[in-house]
>>> print(open('entry.txt').read())   # compact mmCIF, C-alpha atoms
# COMPACT_ATOMS: atom_id res chain seq x y z
CA MET A 25 -10.91 40.75 43.54
CA ILE A 26 -11.95 39.36 40.17
CA PHE A 27 -13.95 41.46 37.76
CA VAL A 28 -16.08 39.92 35.10
CA ASN A 29 -16.07 42.84 32.74
CA ASN A 30 -12.98 43.65 30.72
CA SER A 31 -10.67 41.61 32.87
CA PHE A 32 -8.43 38.75 31.90
CA ASP A 33 -7.88 37.82 35.52
CA LEU A 34 -10.90 35.57 35.67
CA LEU A 35 -9.78 33.66 32.61
CA LYS A 36 -6.31 33.29 34.04
CA SER A 37 -7.58 32.02 37.36
CA GLN A 38 -9.89 29.54 35.62
CA SER A 39 -7.12 28.15 33.45
CA LYS A 40 -4.99 27.55 36.55
CA LYS A 41 -7.96 25.84 38.29
CA GLU A 42 -7.41 27.96 41.41
CA ALA A 43 -9.67 27.36 44.39
CA LEU A 44 -12.53 29.81 44.80
CA PRO A 45 -11.30 32.49 47.25
CA ASP A 46 -13.41 33.01 50.38
CA ASP A 47 -13.78 36.70 49.55
CA PHE A 48 -14.76 36.10 45.92
CA MET A 49 -16.95 38.84 44.43
CA MET A 50 -17.73 39.82 40.89
CA GLU A 51 -19.03 42.99 39.31
CA ILE A 52 -21.46 42.97 36.43
CA SER A 53 -23.54 45.62 34.75
CA GLU A 54 -27.29 45.81 35.38
CA ASN A 55 -27.80 45.13 31.71
CA THR A 56 -25.77 41.89 31.90
CA PHE A 57 -27.61 40.82 35.04
CA GLU A 58 -30.97 41.33 33.36
CA LYS A 59 -29.83 39.23 30.39
CA MET A 60 -28.61 36.46 32.70
CA LEU A 61 -31.86 36.45 34.62
CA LYS A 62 -33.92 36.32 31.46
CA ARG A 63 -31.85 33.52 29.93
CA LYS A 64 -31.93 31.54 33.20
CA GLU A 65 -35.71 31.70 33.26
CA GLU A 66 -35.99 30.90 29.55
CA MET A 67 -33.94 27.76 30.09
CA GLY A 68 -36.27 26.56 32.84
CA PHE A 69 -33.96 27.44 35.69
CA GLY A 70 -36.07 30.31 37.09
CA LYS A 71 -36.51 28.62 40.47
CA LYS A 72 -33.22 26.80 40.50
CA SER A 73 -29.91 28.00 41.86
CA TRP A 74 -27.41 30.02 39.88
CA ASN A 75 -24.92 27.20 40.26
CA GLU A 76 -27.29 24.66 38.69
CA TRP A 77 -27.80 27.00 35.74
CA PHE A 78 -24.06 27.62 35.32
CA GLU A 79 -23.39 23.86 35.41
CA LYS A 80 -26.00 23.35 32.69
CA LEU A 81 -24.49 26.12 30.59
CA PHE A 82 -20.98 24.74 30.73
CA ALA A 83 -22.09 21.13 30.34
CA ASN A 84 -23.65 22.03 27.01
CA GLU A 85 -20.52 23.75 25.83
CA ASN A 86 -18.10 21.72 23.69
CA VAL A 87 -19.41 18.28 24.47
CA GLU A 88 -16.55 16.05 23.46
CA SER A 89 -16.66 12.44 22.38
CA GLU A 90 -14.28 10.05 24.11
CA LYS A 91 -12.18 9.98 20.94
CA GLU A 92 -11.91 13.79 21.00
CA ILE A 93 -11.00 13.80 24.69
CA ILE A 94 -8.18 11.34 24.07
CA GLU A 95 -6.93 13.33 21.05
CA ARG A 96 -6.99 16.57 23.07
CA ILE A 97 -4.95 15.07 25.90
CA PHE A 98 -2.40 13.48 23.57
CA LYS A 99 -2.07 16.61 21.45
CA LYS A 100 -1.30 18.69 24.54
CA GLY A 101 1.20 16.17 25.87
CA THR A 102 2.93 15.62 22.55
CA LEU A 103 3.28 19.33 21.82
CA GLU A 104 4.68 20.01 25.29
CA TYR A 105 7.10 17.12 25.04
CA PHE A 106 8.28 17.29 21.44
CA TYR A 107 7.70 20.75 19.95
CA GLU A 108 11.18 22.08 20.73
CA ASP A 109 12.75 18.85 19.46
CA TRP A 110 10.89 19.20 16.16
CA VAL A 111 12.14 22.74 15.66
CA ARG A 112 15.70 21.99 16.75
CA ASN A 113 15.99 18.81 14.66
CA PHE A 114 14.58 20.60 11.62
CA ALA A 115 17.15 23.39 11.99
CA LEU A 116 19.97 20.87 12.23
CA ASN A 117 18.65 18.86 9.25
CA LEU A 118 18.05 21.83 6.96
CA GLU A 119 21.42 21.80 5.19
CA ASN A 120 21.04 18.07 4.51
CA ILE A 121 17.46 18.59 3.31
CA TRP A 122 18.60 21.32 0.88
CA ASN A 123 21.32 19.03 -0.46
CA GLY A 124 19.24 15.88 -0.41
CA ALA A 125 16.34 14.31 -2.29
CA SER A 126 12.62 14.91 -1.94
CA VAL A 127 10.22 12.05 -1.40
CA ARG A 128 8.52 13.44 -4.51
CA GLU A 129 11.13 11.50 -6.52
CA LEU A 130 9.39 8.31 -5.38
CA ILE A 131 6.01 9.24 -6.85
CA PRO A 132 5.48 6.93 -9.86
CA GLN A 133 4.65 8.44 -13.24
CA LYS A 134 2.02 5.81 -13.79
CA VAL A 135 -0.37 4.43 -11.22
CA GLU A 136 -0.73 0.65 -11.41
CA HIS A 137 -4.19 -0.37 -10.29
CA ASN A 138 -3.16 -3.89 -9.29
CA SER A 139 -0.18 -2.72 -7.24
CA SER A 140 0.06 -3.53 -3.55
CA ALA A 141 2.23 -2.90 -0.52
CA ILE A 142 2.77 -4.60 2.82
CA ILE A 143 3.41 -2.44 5.87
CA ILE A 144 5.45 -4.26 8.50
CA GLY A 145 5.20 -3.17 12.12
CA ARG A 146 6.56 -4.82 15.24
CA GLY A 147 3.36 -5.71 17.04
CA PRO A 148 3.10 -9.08 18.84
CA SER A 149 1.16 -10.81 16.04
CA ILE A 150 4.25 -10.82 13.85
CA ASP A 151 5.81 -13.56 16.01
CA ARG A 152 2.66 -15.42 16.96
CA HIS A 153 1.73 -16.10 13.32
CA ASN A 154 5.27 -16.46 11.93
CA HIS A 155 4.50 -13.70 9.46
CA LEU A 156 8.11 -12.82 8.71
CA GLU A 157 8.95 -16.42 7.83
CA LEU A 158 5.79 -16.70 5.72
CA LEU A 159 6.59 -13.52 3.81
CA ALA A 160 10.29 -14.32 3.44
CA ASN A 161 9.42 -17.65 1.80
CA SER A 162 6.82 -16.15 -0.52
CA ASN A 163 7.14 -14.95 -4.09
CA TYR A 164 5.58 -11.59 -3.32
CA LYS A 165 6.70 -8.97 -5.85
CA GLY A 166 4.94 -5.95 -4.40
CA THR A 167 6.24 -3.16 -2.20
CA ILE A 168 7.56 -3.65 1.33
CA ILE A 169 7.41 -0.65 3.69
CA CYS A 170 9.17 -1.67 6.83
CA THR A 171 8.79 0.55 9.89
CA ASP A 172 12.16 1.55 11.32
CA GLY A 173 11.77 -0.40 14.55
CA ALA A 174 10.99 -3.62 12.71
CA MET A 175 13.80 -3.32 10.16
CA PRO A 176 16.66 -5.28 11.82
CA LYS A 177 14.40 -8.23 12.61
CA VAL A 178 12.78 -8.14 9.16
CA LEU A 179 16.13 -8.16 7.37
CA LYS A 180 17.43 -10.96 9.60
CA ALA A 181 14.30 -12.98 8.77
CA GLY A 182 15.26 -12.93 5.09
CA ILE A 183 12.95 -10.16 3.92
CA THR A 184 15.73 -8.25 2.22
CA PRO A 185 15.92 -5.91 -0.78
CA ASP A 186 17.84 -8.63 -2.61
CA LYS A 187 14.65 -10.68 -2.73
CA PHE A 188 12.06 -7.90 -2.37
CA GLU A 189 13.38 -5.17 -4.63
CA LYS A 190 10.80 -2.52 -3.75
CA PHE A 191 11.97 -2.19 -0.14
CA PHE A 192 11.41 1.04 1.81
CA THR A 193 11.85 2.09 5.41
CA LEU A 194 10.55 5.14 7.23
CA THR A 195 11.21 7.21 10.36
CA VAL A 196 8.95 9.98 11.66
CA ASP A 197 9.78 9.84 15.37
CA THR A 198 11.88 12.62 16.81
CA VAL A 199 13.92 10.88 19.47
CA ASP A 200 17.61 10.17 18.92
CA TRP A 201 17.53 6.51 19.90
CA GLN A 202 15.70 5.67 16.66
CA LYS A 203 19.22 5.64 15.17
CA ASP A 204 19.87 2.33 16.98
CA PHE A 205 17.67 0.56 14.44
CA TYR A 206 19.82 1.89 11.60
CA ASN A 207 23.07 1.14 13.41
CA ASP A 208 22.33 -2.59 13.45
CA PRO A 209 25.05 -4.22 11.25
CA ILE A 210 22.39 -5.98 9.13
CA CYS A 211 21.24 -2.53 7.88
CA ALA A 212 24.70 -1.74 6.49
CA LYS A 213 24.68 -5.09 4.66
CA TYR A 214 21.57 -4.17 2.64
CA GLY A 215 21.50 -0.40 3.05
CA ASN A 216 22.50 0.53 -0.49
CA LYS A 217 19.34 -1.14 -1.80
CA ILE A 218 16.98 0.35 0.79
CA ARG A 219 15.12 3.58 0.16
CA CYS A 220 14.76 5.47 3.42
CA ILE A 221 12.07 8.12 3.97
CA LEU A 222 12.85 10.57 6.78
CA SER A 223 10.68 13.26 8.31
CA SER A 224 12.38 16.65 8.34
CA THR A 225 12.11 16.58 12.15
CA VAL A 226 13.94 13.31 12.83
CA SER A 227 17.02 13.43 14.99
CA PRO A 228 20.14 14.27 12.94
CA GLY A 229 21.61 11.09 14.46
CA VAL A 230 19.04 9.06 12.53
CA TYR A 231 20.04 10.77 9.28
CA GLU A 232 23.72 10.08 9.98
CA ALA A 233 23.02 6.42 10.80
CA ALA A 234 20.93 5.90 7.63
CA LYS A 235 23.62 7.61 5.56
CA LYS A 236 26.33 5.49 7.18
CA ALA A 237 24.33 2.39 6.21
CA ASN A 238 24.46 3.68 2.58
CA MET A 239 20.70 4.11 2.32
CA LYS A 240 19.26 6.49 -0.25
CA ILE A 241 17.43 9.13 1.80
CA PHE A 242 14.25 10.96 0.80
CA TRP A 243 12.90 13.85 2.87
CA ILE A 244 9.28 14.54 3.77
CA HIS A 245 7.53 16.87 6.22
CA ALA A 246 5.28 15.57 9.02
CA LEU A 247 2.10 17.59 9.55
CA VAL A 248 1.64 18.89 13.08
CA ASP A 249 0.23 22.43 13.10
CA TYR A 250 -0.27 23.44 9.46
CA ASN A 251 -3.89 24.38 10.29
CA GLU A 252 -2.64 27.25 12.46
CA GLY A 253 -1.68 29.38 9.47
CA ASN A 254 1.33 31.44 8.54
CA THR A 255 2.91 31.42 11.97
CA SER A 256 2.75 27.64 12.33
CA PHE A 257 5.92 25.58 12.51
CA ASN A 258 4.85 23.62 9.43
CA LYS A 259 4.44 26.82 7.40
CA MET A 260 7.78 28.23 8.52
CA ALA A 261 9.56 24.92 7.90
CA GLY A 262 8.08 24.94 4.40
CA ILE A 263 9.29 28.47 3.73
CA MET A 264 12.79 27.62 4.94
CA THR A 265 12.87 24.42 2.86
CA ARG A 266 11.89 26.34 -0.27
CA ALA A 267 14.58 28.97 0.40
CA LYS A 268 17.14 26.80 -1.42
CA ASN A 269 16.86 24.05 -4.04
CA TYR A 270 13.21 23.19 -3.43
CA GLN A 271 10.99 25.65 -5.26
CA SER A 272 7.98 23.39 -4.76
CA GLY A 273 8.85 22.47 -1.21
CA LEU A 274 8.47 18.94 0.10
CA PRO A 275 5.32 16.83 0.34
CA ALA A 276 3.91 16.71 3.87
CA ILE A 277 1.98 13.81 5.40
CA GLN A 278 -0.32 12.96 8.26
CA THR A 279 1.55 10.61 10.62
CA GLY A 280 -1.45 9.54 12.66
CA GLY A 281 0.90 9.77 15.63
CA ASN A 282 3.08 6.79 14.76
CA VAL A 283 5.31 5.34 12.07
CA GLY A 284 2.92 2.53 11.10
CA THR A 285 0.13 4.92 10.16
CA ALA A 286 2.66 7.20 8.44
CA ALA A 287 3.81 4.20 6.38
CA TRP A 288 0.20 3.47 5.39
CA ILE A 289 -0.19 7.11 4.24
CA VAL A 290 3.07 6.94 2.26
CA ALA A 291 1.96 3.70 0.58
CA TRP A 292 -1.04 5.26 -1.14
CA SER A 293 -0.35 9.02 -1.20
CA ILE A 294 3.31 8.90 -2.32
CA LEU A 295 3.90 5.43 -3.76
CA LYS A 296 0.33 5.25 -5.17
CA ARG A 297 -0.24 1.63 -4.22
CA ALA A 298 -3.84 0.55 -4.74
CA THR A 299 -3.95 -2.09 -2.00
CA VAL A 300 -2.15 -1.92 1.33
CA ALA A 301 -1.87 -4.81 3.78
CA LEU A 302 -0.86 -4.48 7.40
CA ILE A 303 1.19 -6.99 9.37
CA GLY A 304 2.58 -6.33 12.84
CA ILE A 305 0.33 -3.26 13.05
CA ASP A 306 -1.79 -4.54 15.94
CA HIS A 307 -2.33 -1.33 17.96
CA GLY A 308 -2.87 -3.61 20.91
CA TYR A 309 -1.60 -6.57 22.90
CA TYR A 310 -2.64 -10.14 23.64
CA THR A 311 -4.92 -10.24 26.66
CA GLU A 312 -2.79 -12.86 28.44
CA THR A 313 0.24 -10.55 28.52
CA PRO A 314 0.26 -8.78 31.91
CA TRP A 315 0.43 -4.99 31.79
CA GLU A 316 3.50 -5.12 34.00
CA LYS A 317 5.40 -6.91 31.21
CA ILE A 318 4.40 -4.39 28.53
CA ASN A 319 6.73 -1.48 27.87
CA TYR A 320 6.05 -0.91 24.18
CA HIS A 321 5.94 2.89 24.42
CA SER A 322 8.93 3.01 26.81
CA ILE A 323 6.66 4.10 29.66
CA PRO A 324 5.90 1.28 32.13
CA MET A 325 2.50 1.02 33.76
CA PRO A 326 2.49 3.15 36.94
CA LYS A 327 2.43 0.89 40.01
CA ASP A 328 -0.31 2.83 41.82
CA VAL A 329 -2.94 2.37 39.09
CA ASP A 330 -6.03 0.42 40.17
CA GLN A 331 -6.59 -2.00 37.30
CA ASN A 332 -10.07 -2.86 38.61
CA SER A 333 -11.36 0.73 38.52
CA GLU A 334 -13.96 1.89 36.02
CA GLU A 335 -11.65 4.58 34.63
CA PHE A 336 -8.95 1.97 34.00
CA LYS A 337 -11.40 -0.24 32.09
CA ARG A 338 -12.30 2.76 29.90
CA ALA A 339 -8.72 3.92 29.34
CA TYR A 340 -7.28 0.42 28.84
CA PRO A 341 -10.11 -1.40 27.02
CA THR A 342 -10.25 -5.05 26.01
CA ILE A 343 -11.94 -5.41 22.65
CA TYR A 344 -13.26 -8.34 20.67
CA ASN A 345 -12.14 -8.67 17.07
CA PRO A 346 -14.97 -10.57 15.36
CA TYR A 347 -13.09 -10.97 12.09
CA PHE A 348 -10.36 -13.07 13.65
CA ASN A 349 -12.43 -14.24 16.64
CA CYS A 350 -9.98 -13.02 19.25
CA TYR A 351 -9.55 -10.44 21.98
CA CYS A 352 -7.05 -7.65 22.18
CA LYS A 353 -6.28 -5.12 24.88
CA GLN A 354 -5.12 -1.58 24.33
CA ASP A 355 -3.36 1.12 26.29
CA PRO A 356 -4.30 4.80 25.73
CA PRO A 357 -1.62 5.47 23.07
CA PHE A 358 -2.91 2.55 20.99
CA VAL A 359 -6.53 3.65 21.49
CA TYR A 360 -5.44 7.08 20.21
CA PHE A 361 -3.53 5.65 17.23
CA SER A 362 -6.14 3.06 16.24
CA ASN A 363 -9.06 5.51 16.47
CA ALA A 364 -7.28 7.73 13.95
CA LEU A 365 -6.10 4.96 11.60
CA LYS A 366 -9.56 3.35 11.44
CA GLU A 367 -11.14 6.74 10.70
CA PHE A 368 -8.56 7.47 7.97
CA ILE A 369 -9.10 4.08 6.35
CA GLN A 370 -12.86 4.64 6.28
CA ARG A 371 -12.35 8.05 4.67
CA THR A 372 -10.10 6.73 1.88
CA THR A 373 -11.81 3.55 0.71
CA LYS A 374 -12.27 5.02 -2.77
CA ILE A 375 -8.51 5.59 -3.07
CA VAL A 376 -6.96 2.60 -1.34
CA LYS A 377 -8.08 -0.85 -0.24
CA THR A 378 -6.72 -1.62 3.22
CA ILE A 379 -6.31 -5.17 4.44
CA ASN A 380 -5.62 -6.17 8.02
CA ALA A 381 -3.49 -9.29 7.68
CA THR A 382 -2.25 -9.25 11.28
CA GLU A 383 -4.77 -11.97 12.15
CA GLY A 384 -5.83 -10.03 15.23
CA GLY A 385 -5.36 -6.60 16.74
CA ALA A 386 -7.55 -3.52 16.87
CA ILE A 387 -7.67 -2.45 13.21
CA PHE A 388 -11.03 -3.71 12.00
CA GLY A 389 -14.40 -2.25 11.06
CA ASP A 390 -15.96 -0.33 8.19
CA GLY A 391 -13.75 -0.17 5.11
CA ILE A 392 -11.18 -2.64 6.44
CA GLU A 393 -10.89 -6.08 4.90
CA CYS A 394 -9.51 -8.77 7.20
CA MET A 395 -7.73 -11.87 5.92
CA THR A 396 -4.78 -14.04 6.85
CA LEU A 397 -1.38 -13.15 5.42
CA LYS A 398 -1.33 -16.49 3.64
CA ASN A 399 -4.59 -15.62 1.94
CA PHE A 400 -3.32 -12.12 1.05
CA LEU A 401 -0.14 -13.53 -0.51
CA SER A 402 -2.20 -15.92 -2.63
CA LYS A 403 -4.36 -13.06 -3.97
CA TYR A 404 -1.91 -10.19 -4.28
CA TYR A 405 1.58 -10.74 -5.56
CA THR A 406 2.54 -7.50 -7.34
CA MET B 26 -22.11 48.88 37.20
CA ILE B 27 -23.48 47.04 40.20
CA ARG B 28 -21.62 44.86 42.59
CA ALA B 29 -23.16 41.40 42.60
CA ASN B 30 -25.82 41.35 45.24
CA PHE B 31 -26.41 37.62 45.12
CA ASN B 32 -24.73 35.53 47.73
CA ILE B 33 -21.81 33.62 46.29
CA LYS B 34 -21.44 30.46 48.30
CA LYS B 35 -18.31 28.42 48.10
CA ILE B 36 -19.28 24.87 47.14
CA GLU B 37 -16.72 22.44 48.46
CA LYS B 38 -14.99 20.48 45.74
CA LYS B 39 -16.01 16.85 45.62
CA GLU B 40 -13.59 14.00 45.09
CA ALA B 41 -12.32 13.80 41.51
CA SER B 42 -15.04 12.43 39.25
CA GLU B 43 -14.60 9.25 37.23
CA GLN B 44 -14.19 11.46 34.16
CA GLU B 45 -11.37 13.42 35.79
CA LYS B 46 -9.69 10.20 36.88
CA PHE B 47 -10.08 8.85 33.34
CA GLU B 48 -8.47 11.92 31.81
CA ALA B 49 -5.65 11.84 34.38
CA LEU B 50 -5.01 8.19 33.54
CA ILE B 51 -4.80 9.00 29.83
CA ALA B 52 -2.39 11.85 30.52
CA ARG B 53 -0.16 9.59 32.63
CA SER B 54 0.03 6.89 29.96
CA GLY B 55 2.59 8.84 27.96
CA VAL B 56 2.64 10.85 24.79
CA GLY B 57 2.43 9.80 21.18
CA SER B 58 5.74 9.58 19.39
CA HIS B 59 4.10 12.00 16.96
CA MET B 60 0.57 13.35 16.81
CA VAL B 61 -2.65 13.11 14.87
CA PHE B 62 -2.96 16.20 12.68
CA ARG B 63 -6.36 17.85 12.43
CA SER B 64 -7.51 20.67 10.18
CA GLU B 65 -10.77 22.42 9.45
CA ASN B 66 -9.92 21.73 5.82
CA LYS B 67 -10.33 17.95 5.81
CA ASN B 68 -8.56 17.70 2.44
CA ASP B 69 -5.35 18.85 4.12
CA GLU B 70 -5.41 16.16 6.76
CA PHE B 71 -3.82 13.33 4.76
CA PHE B 72 -1.11 15.01 2.76
CA ILE B 73 -0.08 18.30 1.22
CA ASP B 74 1.72 18.00 -2.06
CA GLU B 75 3.87 21.10 -1.75
CA LEU B 76 4.85 22.53 1.63
>>> encode(input="entry.txt", output="structure tokens")
Amino acid sequence: MIFVNNSFDLLKSQSKKEALPDDFMMEISENTFEKMLKRKEEMGFGKKSWNEWFEKLFANENVESEKEIIERIFKKGTLEYFYEDWVRNFALNLENIWNGASVRELIPQKVEHNSSAIIIGRGPSIDRHNHLELLANSNYKGTIICTDGAMPKVLKAGITPDKFEKFFTLTVDTVDWQKDFYNDPICAKYGNKIRCILSSTVSPGVYEAAKKANMKIFWIHALVDYNEGNTSFNKMAGIMTRAKNYQSGLPAIQTGGNVGTAAWIVAWSILKRATVALIGIDHGYYTETPWEKINYHSIPMPKDVDQNSEEFKRAYPTIYNPYFNCYCKQDPPFVYFSNALKEFIQRTTKIVKTINATEGGAIFGDGIECMTLKNFLSKYYT
Amino acid sequence: MIRANFNIKKIEKKEASEQEKFEALIARSGVGSHMVFRSENKNDEFFIDEL
């Protein structure tokens, strides 16, 4: 039997989504019943069923936008999947963090208002528009922030710290196989001139691989649960970091869920660049690429999904980019990432100018300037 | 206290709604490699200088 008053059983059963038992009963006080009856009548449900009134009550509660629904689902999944890895990796990295350098060392004394950076991702536009070749052959003197996954290809294309002196790379992901990017022999060739920013929760294998490639490593925290107060992992990680050598702790950044957005945050919040261009940050795919051939997030499309269903069309939308006159299709992770990045760009237009130079993709809208990479390189060269 | 004297009828569950199917599809698509951080203090959402 489930009691309404002073019982947690009802809450527990609801959270488990148990079926309503045939012998379900509930006990309420007369006072509560009178209040329910009065409120039901006040809301125009006097002659309607209790169930209709309850459905109305709960429908009005916490009405979520589609963006909020997607964030809620991804937050739950990511926490369940990665929380223990974050804590374990941080524990294993702590000695190296104490003995290493803070990303604060990269904050310039003077902010140059005509400074710019290019964030390089590994989205499909990078090949379609020959962006690596175009950049490699340019005289661009600004900052390059290369996402970890793009680094081997970028270096092999001739975008090296020998030519582009302000060359940074970044890892925020937790999984161990990120080290494969650093273990590519081309990274060891240029490693001593590459500044590598690592989240305090990366796999220790990534740290070892970056160190082996002779990169100079700078530590940063990734924000995950700082809003939950003193018992949050972020708070405790901060306290442990400050226990030795770091009286001021480390800077902590929003990752937006992925390394490309984290690189964009680093560009203006840490490196203080005034203009940031994006290439290879598509947050989507070309429409002609079949879903079955896409495995970008290492999770193939389930075979039993009906691609003609309404829910599929909502979850995997095809969008028109009017700035580059092209279409792009997204999977749910890229909808999640792009929703956040577009919102962040809109909220920071007074601090940083953001340019989508991918010549396509999903990052467009208020506060985002769109231009070809060729055009960007002709306007911004420092 | 009174025991509820209204008849509680078990309403058979319908097939999953389009919304439920949509949310299930999102959940099956994987997890982010990291996550979007949200805070009631919007100033904290981009970066914190000293943690």
>>> interface_residues(input="entry.txt", of="chain B", to="chain A", cutoff="8 Å", atoms="all atoms listed in the file", output="NGL selection string")
:B and (26-29 or 33 or 35 or 43-44 or 46-48 or 50-52 or 54-66 or 70-76)
>>> atom_distance(input="entry.txt", atom1="CA of Gln354 in chain A", atom2="CA of Tyr309 in chain A")
6.3 Å
>>> atom_distance(input="entry.txt", atom1="CA of Arg219 in chain A", atom2="CA of Asp69 in chain B")
25.8 Å
>>> atom_distance(input="entry.txt", atom1="CA of Asp204 in chain A", atom2="CA of Ser162 in chain A")
28.6 Å
>>> residues_near_point(input="entry.txt", point="(16.7, 0.5, 4.0)", cutoff="8 Å", atoms="only C-alpha atoms", output="mmCIF file with C-alpha atoms, keeping the file's coordinate frame")
data_model
loop_
_atom_site.group_PDB
_atom_site.id
_atom_site.type_symbol
_atom_site.label_atom_id
_atom_site.label_comp_id
_atom_site.auth_asym_id
_atom_site.auth_seq_id
_atom_site.Cartn_x
_atom_site.Cartn_y
_atom_site.Cartn_z
ATOM 1 C CA MET A 175 13.800 -3.320 10.160
ATOM 2 C CA PHE A 191 11.970 -2.190 -0.140
ATOM 3 C CA PHE A 192 11.410 1.040 1.810
ATOM 4 C CA THR A 193 11.850 2.090 5.410
ATOM 5 C CA CYS A 211 21.240 -2.530 7.880
ATOM 6 C CA TYR A 214 21.570 -4.170 2.640
ATOM 7 C CA GLY A 215 21.500 -0.400 3.050
ATOM 8 C CA ASN A 216 22.500 0.530 -0.490
ATOM 9 C CA LYS A 217 19.340 -1.140 -1.800
ATOM 10 C CA ILE A 218 16.980 0.350 0.790
ATOM 11 C CA ARG A 219 15.120 3.580 0.160
ATOM 12 C CA CYS A 220 14.760 5.470 3.420
ATOM 13 C CA ALA A 234 20.930 5.900 7.630
ATOM 14 C CA MET A 239 20.700 4.110 2.320
ATOM 15 C CA LYS A 240 19.260 6.490 -0.250
#
>>> closest_residue(input="entry.txt", among="A:Pro148, A:Pro209, A:Gly182, A:Gly68", to="Glu383 in chain A", atoms="only C-alpha atoms")
A:Pro148
>>> axis_aligned_box(input="entry.txt", around="range 90-104 of chain A", padding_each_side="5 Å", output="lines of an AutoDock Vina configuration file")
center_x = -4.8
center_y = 15.0
center_z = 23.4
size_x = 29.0
size_y = 20.0
size_z = 15.0
>>> closest_residue(input="entry.txt", among="A:Ser224, A:Thr171, A:Asn113, A:Asn163", to="Ile305 in chain A", atoms="only C-alpha atoms")
A:Thr171
>>> residues_around(input="entry.txt", residues="range 400-404 of chain A", least_positions_apart="6", cutoff="12 Å", atoms="all atoms listed in the file", output="PyMOL selection string")
chain A and resi 137-142+155+158-167+297-303+377-383+393-394
>>> write_last_selection(input="entry.txt", atoms="C-alpha atoms", output="mmCIF file, keeping the file's coordinate frame")
data_model
loop_
_atom_site.group_PDB
_atom_site.id
_atom_site.type_symbol
_atom_site.label_atom_id
_atom_site.label_comp_id
_atom_site.auth_asym_id
_atom_site.auth_seq_id
_atom_site.Cartn_x
_atom_site.Cartn_y
_atom_site.Cartn_z
ATOM 1 C CA HIS A 137 -4.190 -0.370 -10.290
ATOM 2 C CA ASN A 138 -3.160 -3.890 -9.290
ATOM 3 C CA SER A 139 -0.180 -2.720 -7.240
ATOM 4 C CA SER A 140 0.060 -3.530 -3.550
ATOM 5 C CA ALA A 141 2.230 -2.900 -0.520
ATOM 6 C CA ILE A 142 2.770 -4.600 2.820
ATOM 7 C CA HIS A 155 4.500 -13.700 9.460
ATOM 8 C CA LEU A 158 5.790 -16.700 5.720
ATOM 9 C CA LEU A 159 6.590 -13.520 3.810
ATOM 10 C CA ALA A 160 10.290 -14.320 3.440
ATOM 11 C CA ASN A 161 9.420 -17.650 1.800
ATOM 12 C CA SER A 162 6.820 -16.150 -0.520
ATOM 13 C CA ASN A 163 7.140 -14.950 -4.090
ATOM 14 C CA TYR A 164 5.580 -11.590 -3.320
ATOM 15 C CA LYS A 165 6.700 -8.970 -5.850
ATOM 16 C CA GLY A 166 4.940 -5.950 -4.400
ATOM 17 C CA THR A 167 6.240 -3.160 -2.200
ATOM 18 C CA ARG A 297 -0.240 1.630 -4.220
ATOM 19 C CA ALA A 298 -3.840 0.550 -4.740
ATOM 20 C CA THR A 299 -3.950 -2.090 -2.000
ATOM 21 C CA VAL A 300 -2.150 -1.920 1.330
ATOM 22 C CA ALA A 301 -1.870 -4.810 3.780
ATOM 23 C CA LEU A 302 -0.860 -4.480 7.400
ATOM 24 C CA ILE A 303 1.190 -6.990 9.370
ATOM 25 C CA LYS A 377 -8.080 -0.850 -0.240
ATOM 26 C CA THR A 378 -6.720 -1.620 3.220
ATOM 27 C CA ILE A 379 -6.310 -5.170 4.440
ATOM 28 C CA ASN A 380 -5.620 -6.170 8.020
ATOM 29 C CA ALA A 381 -3.490 -9.290 7.680
ATOM 30 C CA THR A 382 -2.250 -9.250 11.280
ATOM 31 C CA GLU A 383 -4.770 -11.970 12.150
ATOM 32 C CA GLU A 393 -10.890 -6.080 4.900
ATOM 33 C CA CYS A 394 -9.510 -8.770 7.200
#
>>> residues_around(input="entry.txt", residues="Tyr206 in chain A", least_positions_apart="2", cutoff="10 Å", atoms="all atoms listed in the file", output="list in words")
Asp172, Gly173, Met175, Pro176, Trp201, Gln202, Lys203, Asp204, Asp208, Pro209, Ile210, Cys211, Ala212, Gly215, Gly229, Val230, Tyr231, Glu232, Ala233, Ala234, Lys235, Lys236, Ala237 and Met239 of chain A
>>> decode(input="entry.txt", residues="range 50-55 of chain B", atoms="N, CA and C atoms", output="PDB file, in the first residue's frame")
ATOM      1  N   LEU B  50      15.249   7.960 -28.342  1.00  0.00           N
ATOM      2  CA  LEU B  50      16.193   8.035 -29.465  1.00  0.00           C
ATOM      3  C   LEU B  50      17.403   8.889 -29.091  1.00  0.00           C
ATOM      4  N   ILE B  51      17.151   9.992 -28.415  1.00  0.00           N
ATOM      5  CA  ILE B  51      18.250  10.863 -27.962  1.00  0.00           C
ATOM      6  C   ILE B  51      19.164  10.068 -27.020  1.00  0.00           C
ATOM      7  N   ALA B  52      18.545   9.370 -26.077  1.00  0.00           N
ATOM      8  CA  ALA B  52      19.331   8.637 -25.081  1.00  0.00           C
ATOM      9  C   ALA B  52      20.173   7.540 -25.719  1.00  0.00           C
ATOM     10  N   ARG B  53      19.668   6.965 -26.813  1.00  0.00           N
ATOM     11  CA  ARG B  53      20.399   5.875 -27.474  1.00  0.00           C
ATOM     12  C   ARG B  53      21.534   6.383 -28.353  1.00  0.00           C
ATOM     13  N   SER B  54      21.539   7.691 -28.642  1.00  0.00           N
ATOM     14  CA  SER B  54      22.509   8.206 -29.607  1.00  0.00           C
ATOM     15  C   SER B  54      23.906   8.335 -29.022  1.00  0.00           C
ATOM     16  N   GLY B  55      24.024   8.114 -27.710  1.00  0.00           N
ATOM     17  CA  GLY B  55      25.341   8.181 -27.091  1.00  0.00           C
ATOM     18  C   GLY B  55      25.401   9.241 -26.026  1.00  0.00           C
TER      19      GLY B  55
END
